[in-house]
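Visitor: File follows, upload10.csv with CSV, C-alpha atoms:
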chain,number,residue,atom,x,y,z
A,109,MET,CA,6.6,42.4,-12.4
A,110,LYS,CA,7.9,39.0,-11.4
A,111,PHE,CA,7.8,39.9,-7.7
A,112,SER,CA,4.1,41.0,-7.9
A,113,LYS,CA,3.3,37.7,-9.7
A,114,VAL,CA,4.9,35.7,-6.9
A,115,ARG,CA,3.0,37.8,-4.4
A,116,TYR,CA,-0.2,37.2,-6.2
A,117,MET,CA,0.4,33.5,-6.3
A,118,GLN,CA,1.1,33.5,-2.6
A,119,LYS,CA,-2.1,35.3,-1.9
A,120,GLU,CA,-4.0,32.8,-4.0
A,121,ARG,CA,-2.4,29.9,-2.2
A,122,ASP,CA,-2.5,31.5,1.3
A,123,PRO,CA,-5.3,34.1,1.2
A,124,LEU,CA,-5.4,34.5,5.0
A,125,ASN,CA,-1.6,35.0,5.1
A,126,LEU,CA,-1.2,32.1,7.6
A,127,GLY,CA,2.4,31.8,6.4
A,128,SER,CA,3.2,35.1,8.2
A,129,LEU,CA,2.7,33.4,11.6
A,130,PRO,CA,6.1,33.0,13.3
A,131,ALA,CA,7.9,29.8,13.8
A,132,VAL,CA,7.3,28.4,17.3
A,133,PRO,CA,10.3,27.4,19.4
A,134,PRO,CA,10.0,24.1,21.2
A,135,PRO,CA,9.5,24.3,25.0
A,136,SER,CA,12.4,22.2,25.9
A,137,ASP,CA,15.4,20.3,24.4
A,138,GLY,CA,14.0,17.0,23.1
A,139,TRP,CA,17.3,15.5,22.2
A,140,PRO,CA,18.0,13.5,25.4
A,141,ALA,CA,14.7,11.6,25.0
A,142,VAL,CA,15.3,11.0,21.3
A,143,ARG,CA,18.8,9.8,22.0
A,144,ALA,CA,17.7,7.4,24.7
A,145,GLU,CA,15.1,5.8,22.4
A,146,LEU,CA,17.6,5.5,19.5
A,147,GLU,CA,20.2,3.9,21.8
A,148,LYS,CA,17.6,1.5,23.1
A,149,SER,CA,16.6,0.4,19.5
A,150,HIS,CA,20.3,0.1,18.5
A,151,ASN,CA,20.9,-2.2,21.5
A,152,ARG,CA,17.8,-4.2,20.6
A,153,LYS,CA,19.0,-4.6,17.0
A,154,ARG,CA,22.5,-5.7,18.2
A,155,LEU,CA,20.9,-8.2,20.6
A,156,LEU,CA,18.8,-9.6,17.8
A,157,ARG,CA,21.8,-10.0,15.6
A,158,TYR,CA,23.7,-11.9,18.3
A,159,ALA,CA,20.6,-14.1,19.0
A,160,GLY,CA,20.3,-14.8,15.2
A,161,SER,CA,24.0,-15.9,15.0
A,162,ALA,CA,23.7,-18.0,18.2
A,163,LEU,CA,20.6,-19.6,16.8
A,164,ALA,CA,22.3,-20.4,13.5
A,165,ILE,CA,25.2,-22.0,15.3
A,166,ALA,CA,22.9,-24.0,17.5
A,167,ALA,CA,20.9,-25.2,14.4
A,168,THR,CA,24.2,-26.3,12.7
A,169,VAL,CA,25.2,-28.2,15.8
A,170,VAL,CA,21.8,-29.9,16.1
A,171,LEU,CA,21.9,-30.8,12.4
A,172,ALA,CA,25.3,-32.2,12.7
A,173,LEU,CA,24.5,-34.2,15.8
A,174,GLY,CA,21.3,-35.5,14.2
A,175,VAL,CA,23.2,-36.8,11.2
A,176,ILE,CA,25.8,-38.4,13.5
A,177,ILE,CA,23.2,-40.1,15.7
A,178,ARG,CA,21.3,-41.4,12.6
A,179,GLN,CA,24.5,-42.8,11.2
A,180,PRO,CA,24.6,-46.7,11.5
A,181,ALA,CA,27.4,-47.9,13.7
A,182,PRO,CA,30.6,-48.7,11.7
A,183,GLU,CA,30.9,-52.4,10.9
A,184,ALA,CA,33.5,-54.2,13.0
A,185,VAL,CA,36.8,-54.3,11.3
A,186,PRO,CA,38.0,-57.9,11.0
A,187,ALA,CA,40.9,-58.3,13.4
A,188,ALA,CA,42.6,-60.4,10.8
A,189,LEU,CA,43.4,-57.4,8.7
A,190,PRO,CA,46.7,-56.1,9.9
A,191,GLY,CA,46.3,-52.6,8.4
A,192,ALA,CA,43.0,-52.0,10.2
A,193,THR,CA,44.3,-53.1,13.5
A,194,GLN,CA,47.2,-50.7,13.1
A,195,VAL,CA,44.9,-47.7,12.5
A,196,THR,CA,42.8,-48.4,15.6
A,197,ALA,CA,45.8,-49.0,17.6
A,198,GLN,CA,47.3,-45.6,16.6
A,199,THR,CA,44.2,-43.5,17.4
A,200,PRO,CA,42.3,-43.5,20.6
A,201,ASP,CA,38.7,-44.8,20.5
A,202,GLY,CA,37.0,-41.4,20.9
A,203,THR,CA,39.0,-39.7,18.1
A,204,GLN,CA,38.5,-42.6,15.8
A,205,LYS,CA,34.7,-42.4,16.3
A,206,THR,CA,34.6,-38.7,15.7
A,207,LEU,CA,36.6,-39.1,12.6
A,208,ASP,CA,34.3,-41.8,11.3
A,209,SER,CA,31.2,-39.6,12.0
A,210,LEU,CA,32.8,-36.7,10.3
A,211,VAL,CA,33.6,-38.7,7.2
A,212,ALA,CA,30.1,-40.1,7.1
A,213,LEU,CA,28.6,-36.7,7.6
A,214,SER,CA,30.8,-35.3,4.9
A,215,GLN,CA,29.6,-38.0,2.5
A,216,GLN,CA,25.9,-37.4,3.4
A,217,LEU,CA,26.3,-33.7,2.8
A,218,GLU,CA,28.0,-34.2,-0.4
A,219,ASN,CA,25.1,-36.4,-1.6
A,220,ARG,CA,22.7,-33.8,-0.4
A,221,VAL,CA,24.5,-31.0,-2.3
A,222,ARG,CA,24.5,-33.2,-5.4
A,223,THR,CA,20.8,-33.8,-5.2
A,224,ILE,CA,19.8,-30.2,-4.6
A,225,ARG,CA,22.2,-28.8,-7.2
A,226,ALA,CA,20.3,-30.7,-9.9
A,227,ASP,CA,17.0,-29.0,-8.9
A,228,VAL,CA,18.3,-25.4,-8.5
A,229,GLY,CA,17.8,-22.9,-11.3
A,230,GLY,CA,20.0,-19.9,-12.2
A,231,MET,CA,21.7,-18.2,-9.2
A,232,PRO,CA,22.2,-14.4,-8.7
A,233,THR,CA,25.8,-13.3,-9.2
A,234,HIS,CA,26.7,-12.8,-5.6
A,235,SER,CA,25.5,-16.4,-4.7
A,236,LEU,CA,27.4,-17.7,-7.7
A,237,VAL,CA,30.6,-16.1,-6.5
A,238,TYR,CA,30.1,-17.5,-3.0
A,239,GLN,CA,29.4,-21.0,-4.5
A,240,VAL,CA,32.6,-20.9,-6.5
A,241,GLU,CA,34.6,-19.8,-3.5
A,242,LEU,CA,33.1,-22.6,-1.4
A,243,GLU,CA,33.9,-25.2,-4.0
A,244,ASP,CA,37.4,-23.9,-4.3
A,245,LEU,CA,37.9,-24.1,-0.6
A,246,ILE,CA,36.5,-27.7,-0.5
A,247,ALA,CA,39.0,-28.6,-3.3
A,248,GLN,CA,41.8,-27.2,-1.3
A,249,VAL,CA,40.8,-29.1,1.8
A,250,ASP,CA,40.5,-32.3,-0.3
A,251,GLU,CA,44.0,-31.8,-1.5
A,252,ARG,CA,45.3,-31.4,2.0
A,253,LEU,CA,43.3,-34.4,3.1
A,254,SER,CA,44.9,-36.6,0.5
A,255,MET,CA,48.2,-36.0,2.3
A,256,ASN,CA,46.7,-36.2,5.8
A,257,PRO,CA,43.5,-38.4,5.7
A,258,ASP,CA,43.1,-38.7,9.5
A,259,SER,CA,43.1,-35.0,10.3
A,260,LEU,CA,40.0,-34.2,12.4
A,261,GLU,CA,40.5,-30.6,11.8
A,262,LEU,CA,40.4,-30.9,8.0
A,263,TRP,CA,37.4,-33.2,8.1
A,264,SER,CA,35.4,-30.8,10.3
A,265,HIS,CA,36.5,-28.0,8.0
A,266,ARG,CA,35.2,-29.9,5.0
A,267,VAL,CA,31.8,-30.6,6.8
A,268,ASN,CA,31.4,-26.9,7.6
A,269,LEU,CA,32.1,-25.9,4.1
A,270,LEU,CA,29.6,-28.5,2.7
A,271,LEU,CA,27.0,-27.3,5.2
A,272,ASP,CA,27.5,-23.7,3.9
A,273,LEU,CA,27.2,-24.9,0.3
A,274,SER,CA,24.1,-26.9,1.0
A,275,ARG,CA,22.5,-24.0,2.8
A,276,LEU,CA,23.3,-21.8,-0.2
A,277,TYR,CA,21.5,-24.2,-2.5
A,278,GLU,CA,18.6,-24.6,-0.1
A,279,ASN,CA,18.1,-20.8,0.0
A,280,GLN,CA,18.2,-20.7,-3.8
A,281,LEU,CA,15.7,-23.5,-4.0
A,282,ARG,CA,13.4,-21.7,-1.6
A,283,ARG,CA,13.6,-18.5,-3.7
A,284,ASP,CA,12.9,-20.5,-6.9
A,285,TYR,CA,9.9,-22.1,-5.2
A,286,ARG,CA,8.5,-18.7,-4.0
A,287,ARG,CA,8.9,-17.3,-7.5
A,288,MET,CA,7.0,-20.3,-9.0
A,289,ALA,CA,4.3,-20.0,-6.4
A,290,SER,CA,3.8,-16.3,-7.1
A,291,LEU,CA,3.2,-17.0,-10.8
B,243,MET,CA,15.3,37.3,2.0
B,244,ALA,CA,13.2,34.9,4.1
B,245,THR,CA,14.8,31.5,4.7
B,246,THR,CA,12.7,28.3,4.9
B,247,PRO,CA,13.7,25.0,6.4
B,248,PHE,CA,14.2,23.8,2.8
B,249,ASP,CA,17.2,26.1,2.8
B,250,ILE,CA,18.9,24.3,5.7
B,251,GLU,CA,21.9,22.5,4.3
B,252,LEU,CA,22.7,19.0,5.4
B,253,ASP,CA,26.0,17.7,4.2
B,254,GLU,CA,26.4,14.2,2.9
B,255,MET,CA,29.0,13.3,5.5
B,256,THR,CA,26.7,14.0,8.4
B,257,LEU,CA,23.9,12.1,6.6
B,258,ALA,CA,26.2,9.1,6.0
B,259,ARG,CA,27.4,9.1,9.6
B,260,ALA,CA,23.8,9.3,10.9
B,261,ARG,CA,22.8,6.5,8.7
B,262,ARG,CA,25.5,4.4,10.3
B,263,GLY,CA,24.0,5.2,13.7
B,264,ASP,CA,26.6,7.9,14.8
B,265,MET,CA,24.9,9.7,17.6
B,266,GLU,CA,26.8,13.0,17.1
B,267,ALA,CA,25.6,13.2,13.5
B,268,CYS,CA,22.0,12.3,14.6
B,269,GLU,CA,22.2,15.1,17.2
B,270,GLN,CA,23.4,17.5,14.5
B,271,ILE,CA,20.4,16.7,12.4
B,272,PHE,CA,18.1,17.0,15.3
B,273,ARG,CA,19.4,20.4,16.3
B,274,LEU,CA,19.1,21.7,12.7
B,275,PHE,CA,15.5,20.7,12.2
B,276,GLN,CA,14.0,20.6,15.7
B,277,GLN,CA,12.5,24.1,15.5
B,278,PRO,CA,10.8,23.7,12.0
B,279,ALA,CA,9.6,20.3,12.9
B,280,PHE,CA,8.1,21.5,16.2
B,281,SER,CA,6.5,24.4,14.5
B,282,VAL,CA,4.7,22.3,11.9
B,283,ALA,CA,3.5,19.9,14.7
B,284,PHE,CA,2.3,22.8,16.8
B,285,ARG,CA,0.5,24.4,13.9
B,286,VAL,CA,-1.4,21.2,13.2
B,287,CYS,CA,-2.3,20.2,16.8
B,288,GLN,CA,-2.1,23.5,18.5
B,289,CYS,CA,-0.8,22.0,21.8
B,290,ARG,CA,2.8,22.5,22.9
B,291,GLU,CA,2.9,19.2,24.9
B,292,THR,CA,1.5,17.1,22.0
B,293,ALA,CA,3.7,18.9,19.5
B,294,GLN,CA,6.7,18.1,21.5
B,295,GLU,CA,5.7,14.4,21.7
B,296,ILE,CA,5.0,14.4,17.9
B,297,THR,CA,8.4,16.0,17.2
B,298,GLN,CA,10.3,13.5,19.3
B,299,GLU,CA,8.4,10.5,17.8
B,300,ALA,CA,9.0,11.9,14.3
B,301,PHE,CA,12.7,12.3,14.9
B,302,ILE,CA,13.0,8.8,16.3
B,303,THR,CA,11.2,7.3,13.3
B,304,ALA,CA,13.2,9.4,10.8
B,305,LEU,CA,16.6,8.7,12.3
B,306,ARG,CA,15.8,5.0,12.5
B,307,LYS,CA,14.7,4.9,8.9
B,308,LEU,CA,17.3,7.3,7.6
B,309,LYS,CA,18.5,4.6,5.1
B,310,GLN,CA,15.2,5.1,3.3
B,311,PHE,CA,16.0,8.7,2.5
B,312,ARG,CA,17.5,8.6,-1.0
B,313,GLY,CA,18.9,12.1,-0.9
B,314,ASP,CA,17.5,13.2,-4.3
B,315,SER,CA,15.2,15.8,-2.7
B,316,PRO,CA,15.7,18.2,0.2
B,317,PHE,CA,15.9,16.5,3.6
B,318,TRP,CA,13.4,18.8,5.1
B,319,GLY,CA,10.7,17.7,2.6
B,320,TRP,CA,11.2,14.1,3.7
B,321,LEU,CA,11.4,14.9,7.4
B,322,ARG,CA,8.3,17.1,7.2
B,323,ARG,CA,6.3,14.2,5.7
B,324,VAL,CA,7.3,12.1,8.7
B,325,VAL,CA,6.3,14.9,11.2
B,326,VAL,CA,3.0,15.5,9.4
B,327,ASN,CA,2.2,11.8,9.4
B,328,HIS,CA,2.8,11.6,13.1
B,329,ALA,CA,0.7,14.8,13.7
B,330,ILE,CA,-2.2,13.4,11.6
B,331,SER,CA,-2.2,10.1,13.4
B,332,SER,CA,-2.2,12.0,16.7
B,333,ILE,CA,-5.3,13.9,15.6
B,334,ARG,CA,-6.9,10.7,14.6
B,335,LYS,CA,-6.2,9.1,18.0
B,336,GLY,CA,-8.6,11.6,19.6
B,337,PRO,CA,-9.1,15.1,20.6
B,338,LYS,CA,-6.9,16.5,23.3
B,339,SER,CA,-7.5,19.7,25.1
B,340,ASP,CA,-5.9,22.5,23.3
B,341,PRO,CA,-4.1,24.7,25.9
B,342,VAL,CA,-2.8,27.5,23.7
B,343,GLU,CA,-0.3,29.8,25.2
B,344,PHE,CA,0.4,33.0,23.2
B,345,GLN,CA,3.9,34.2,23.2
B,346,ASP,CA,5.6,37.0,21.5
B,347,HIS,CA,7.8,35.3,19.0
B,348,HIS,CA,8.5,38.5,17.0
B,349,GLY,CA,11.3,41.0,16.9
B,350,ARG,CA,11.4,44.3,18.7
B,351,SER,CA,10.8,46.9,16.0
B,352,GLU,CA,7.6,48.9,15.9
B,353,SER,CA,6.5,47.4,12.6
B,354,ALA,CA,7.0,44.0,14.1
B,355,SER,CA,5.0,44.8,17.1
B,356,GLU,CA,2.1,45.8,14.8
B,357,ARG,CA,2.4,42.4,13.3
B,358,VAL,CA,2.2,40.8,16.7
B,359,GLY,CA,-1.4,42.0,17.1
B,360,MET,CA,-2.3,40.5,13.7
B,361,SER,CA,-0.5,37.2,14.5
B,362,MET,CA,-2.3,36.8,17.7
B,363,ASP,CA,-5.6,37.2,16.0
B,364,LEU,CA,-4.7,34.6,13.5
B,365,GLU,CA,-3.3,32.4,16.3
B,366,SER,CA,-6.5,32.6,18.3
B,367,ALA,CA,-8.7,32.0,15.2
B,368,LEU,CA,-6.6,29.0,14.3
B,369,ALA,CA,-6.8,27.6,17.8
B,370,VAL,CA,-10.6,27.8,17.6
B,371,LEU,CA,-10.8,25.7,14.4
B,372,GLY,CA,-11.4,22.0,14.7
B,373,ALA,CA,-8.2,19.8,14.6
B,374,GLU,CA,-8.8,18.4,11.1
B,375,ASP,CA,-9.8,21.8,9.6
B,376,ARG,CA,-6.8,23.4,11.1
B,377,ALA,CA,-4.5,20.7,9.8
B,378,ILE,CA,-6.0,20.9,6.3
B,379,VAL,CA,-5.8,24.7,6.0
B,380,TRP,CA,-2.3,24.8,7.3
B,381,LEU,CA,-1.0,21.9,5.2
B,382,HIS,CA,-2.6,23.4,2.0
B,383,ASP,CA,-2.0,27.1,2.5
B,384,VAL,CA,1.4,27.2,4.3
B,385,GLU,CA,3.1,23.9,3.7
B,386,GLY,CA,2.0,23.7,0.0
B,387,TYR,CA,0.3,20.3,0.1
B,388,ASN,CA,-2.2,19.7,-2.7
B,389,HIS,CA,-5.6,18.2,-2.2
B,390,GLY,CA,-4.5,14.8,-3.4
B,391,GLU,CA,-1.8,14.6,-0.8
B,392,ILE,CA,-4.1,15.8,1.9
B,393,ALA,CA,-6.8,13.3,0.9
B,394,GLU,CA,-4.2,10.5,1.1
B,395,LEU,CA,-3.0,11.6,4.5
B,396,PHE,CA,-6.5,11.5,5.9
B,397,GLY,CA,-7.5,8.4,3.9
B,398,LYS,CA,-10.4,10.4,2.3
B,399,THR,CA,-11.2,11.8,-1.2
B,400,GLU,CA,-10.0,15.0,-2.7
B,401,SER,CA,-13.4,16.6,-2.5
B,402,PHE,CA,-13.2,16.0,1.3
B,403,SER,CA,-10.1,18.1,1.3
B,404,LYS,CA,-11.5,20.8,-0.9
B,405,THR,CA,-14.8,21.1,1.1
B,406,ARG,CA,-13.0,21.2,4.4
B,407,LEU,CA,-10.5,23.8,3.2
B,408,SER,CA,-13.2,26.1,2.0
B,409,ARG,CA,-15.1,25.7,5.2
B,410,ALA,CA,-12.1,26.3,7.4
B,411,ARG,CA,-11.1,29.4,5.4
B,412,LYS,CA,-14.7,30.7,5.7
B,413,LYS,CA,-14.7,30.2,9.4
B,414,LEU,CA,-11.3,31.8,9.8
B,415,ARG,CA,-12.4,34.8,7.7
B,416,SER,CA,-15.5,35.4,9.8
B,417,MET,CA,-13.5,35.2,13.0
B,418,LEU,CA,-10.9,37.6,11.7
B,419,ASP,CA,-13.4,40.1,10.3
B,420,GLY,CA,-14.6,40.7,13.8
B,421,ALA,CA,-11.1,40.7,15.2
B,422,GLY,CA,-9.5,43.4,13.1
B,423,ASP,CA,-7.8,44.2,9.9
B,424,VAL,CA,-5.8,41.4,8.2
B,425,PRO,CA,-4.0,42.2,5.0
B,426,TYR,CA,-4.7,39.7,2.1
B,427,VAL,CA,-8.1,39.0,3.6
B,428,SER,CA,-9.3,42.5,3.0
B,429,GLU,CA,-7.4,42.7,-0.3
B,430,ALA,CA,-9.1,39.5,-1.5
B,431,ALA,CA,-12.5,40.8,-0.5
B,432,ALA,CA,-11.9,44.0,-2.4
B,433,ARG,CA,-11.1,42.1,-5.6
The structure in this file should be written as structure tokens.

Guide:
Amino acid sequence: MKFSKVRYMQKERDPLNLGSLPAVPPPSDGWPAVRAELEKSHNRKRLLRYAGSALAIAATVVLALGVIIRQPAPEAVPAALPGATQVTAQTPDGTQKTLDSLVALSQQLENRVRTIRADVGGMPTHSLVYQVELEDLIAQVDERLSMNPDSLELWSHRVNLLLDLSRLYENQLRRDYRRMASL
Amino acid sequence: MATTPFDIELDEMTLARARRGDMEACEQIFRLFQQPAFSVAFRVCQCRETAQEITQEAFITALRKLKQFRGDSPFWGWLRRVVVNHAISSIRKGPKSDPVEFQDHHGRSESASERVGMSMDLESALAVLGAEDRAIVWLHDVEGYNHGEIAELFGKTESFSKTRLSRARKKLRSMLDGAGDVPYVSEAAAR
């Protein structure tokens, strides 16, 4: 009874019995062509990813350089101050300049982060976790800097962390803006 | 019991590996579904060369977008949609010559050889139909698409699909009536 009902439904659906036509085998193996195309697109994706990272690094360097160049030249330290003379005497000229630039850059970024943070609304959880991690790392660097204030490595680490933090806030700000614009 | 491509089992591990871009897993999927995919493409466009191109393009698209397959329905249903989309867009691009080669795809028994005659009649009748009519009748009658889905594929209305289906069936019937006895058709006429 059930079988005849199914058969009747089949006839209704396919009155010419086209479904009885056999499956057609492909004339040749298509896999090599498909594989070649897939590999090409995988390579393209990988290349794009590398290009993206390279671009991001280049942008960071340009940003950092831009800030350093715009930075006013440090005021001449009066030679009469014995402490100041000592510091310059201890570090070579180039290193001292880089250190000054990094400190200035770090201050600028800190100001920037403070300004953007005031404007940013609620963050998604994953961004919030990242923000807390970054702030923790900055606090750790600050602690180490209090013991070793002239460490170029620590200052550049601090600048990088602040750059990441400001980028995080900027992205959130952009998302907020887009959401507002769509309303 | 007849098996359909919907019965082909694709395990989660292979799927996950293919999603990560593992070529071996991709090949496994290709080997499992190449024949049904080619078959659908061929039935729609009726040209082996074009069907082969459609199958390859469909697999490239599907394997690239495998992350979009959620896994809550049979894989063949998803893949078939990709194949059909490619086939329809190939029909839209323009008519190609339809060199139809008839081959004996059946078994060797006597009853099977009787069916060969019938199949070839259907094959030749299908080949004579216009590309759109053939696609509509095949998608509706064999693949189980409804008029709404067909209309969406062609970017037309449901009545377009209904009209074309009825016209295509009528054409096929008239061709088959002259060509010989086809079960179902004669049964339907007797009712």

Visitor: Of the residues B:Phe301, B:Phe402, B:Phe272, B:Trp318, which is the one nearest to B:Glu385, using only C-alpha atoms?

Guide: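 With only C-alpha atoms as the atom set, the closest residue is B:Trp318.
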
Visitor: Find the spatial neighbours of B:Ser332, counting all atoms listed in the file, within a cut-off of 10 Å - ignore same-chain residues fewer than 3 positions away - and output them as a ChimeraX atom specification.

Guide: /B:283,286-287,292-293,295-296,326-329,335-338

Visitor: Generate a file of the selected residues that holds C-alpha atoms, formatted as a PDB file, keeping the file's coordinate frame.

Guide:
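Final output, saved to selection-v4.pdb:
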ATOM      1  CA  ALA B 283       3.500  19.900  14.700  1.00  0.00           C
ATOM      2  CA  VAL B 286      -1.400  21.200  13.200  1.00  0.00           C
ATOM      3  CA  CYS B 287      -2.300  20.200  16.800  1.00  0.00           C
ATOM      4  CA  THR B 292       1.500  17.100  22.000  1.00  0.00           C
ATOM      5  CA  ALA B 293       3.700  18.900  19.500  1.00  0.00           C
ATOM      6  CA  GLU B 295       5.700  14.400  21.700  1.00  0.00           C
ATOM      7  CA  ILE B 296       5.000  14.400  17.900  1.00  0.00           C
ATOM      8  CA  VAL B 326       3.000  15.500   9.400  1.00  0.00           C
ATOM      9  CA  ASN B 327       2.200  11.800   9.400  1.00  0.00           C
ATOM     10  CA  HIS B 328       2.800  11.600  13.100  1.00  0.00           C
ATOM     11  CA  ALA B 329       0.700  14.800  13.700  1.00  0.00           C
ATOM     12  CA  LYS B 335      -6.200   9.100  18.000  1.00  0.00           C
ATOM     13  CA  GLY B 336      -8.600  11.600  19.600  1.00  0.00           C
ATOM     14  CA  PRO B 337      -9.100  15.100  20.600  1.00  0.00           C
ATOM     15  CA  LYS B 338      -6.900  16.500  23.300  1.00  0.00           C
TER      16      LYS B 338
END

Visitor: Do you know which residues are at most 10 Å from A:Leu210 counting all atoms listed in the file, after dropping those on the same chain fewer than 2 positions away, and could you put them as a count of residues only?

Guide: 21

Visitor: Report as a VMD selection string the set of chain A residues whose atoms approach chain B to within 12 Å, with distances computed over only C-alpha atoms.

Guide: chain A and resid 115 to 151 153 to 154

Visitor: In Å, rounded to a single decimal, give me how far atom CA of B:Phe248 is from atom CA of B:Thr399.

Guide: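 So the two atoms, atom CA of B:Thr399 and atom CA of B:Phe248, lie 28.4 Å apart.
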
Visitor: Using all atoms listed in the file for the distances, tell me which of B:Gln288, B:Gly313, B:Thr405, B:Ile392 is nearest to B:Val370.

Guide: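 Of all the options, B:Gln288 lies closest to B:Val370.
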
Visitor: Work out how far atom CA of A:Leu270 is from atom CA of A:Arg222, in Å to one decimal.

Guide: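 It comes out at 10.7 Å.
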
Visitor: So how many Å separate atom CA of A:Gly202 and atom CA of A:Gly174, to one decimal?

Guide: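 Computing it gives 18.1 Å between the two atoms.
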
Visitor: Quick one: everything within 12 Å of A:Thr223, counting only C-alpha atoms, minus sequence neighbours fewer than 6 positions away in the same chain. Send it as a PyMOL selection string.

Guide: chain A and resi 216-217+274+277-278+281
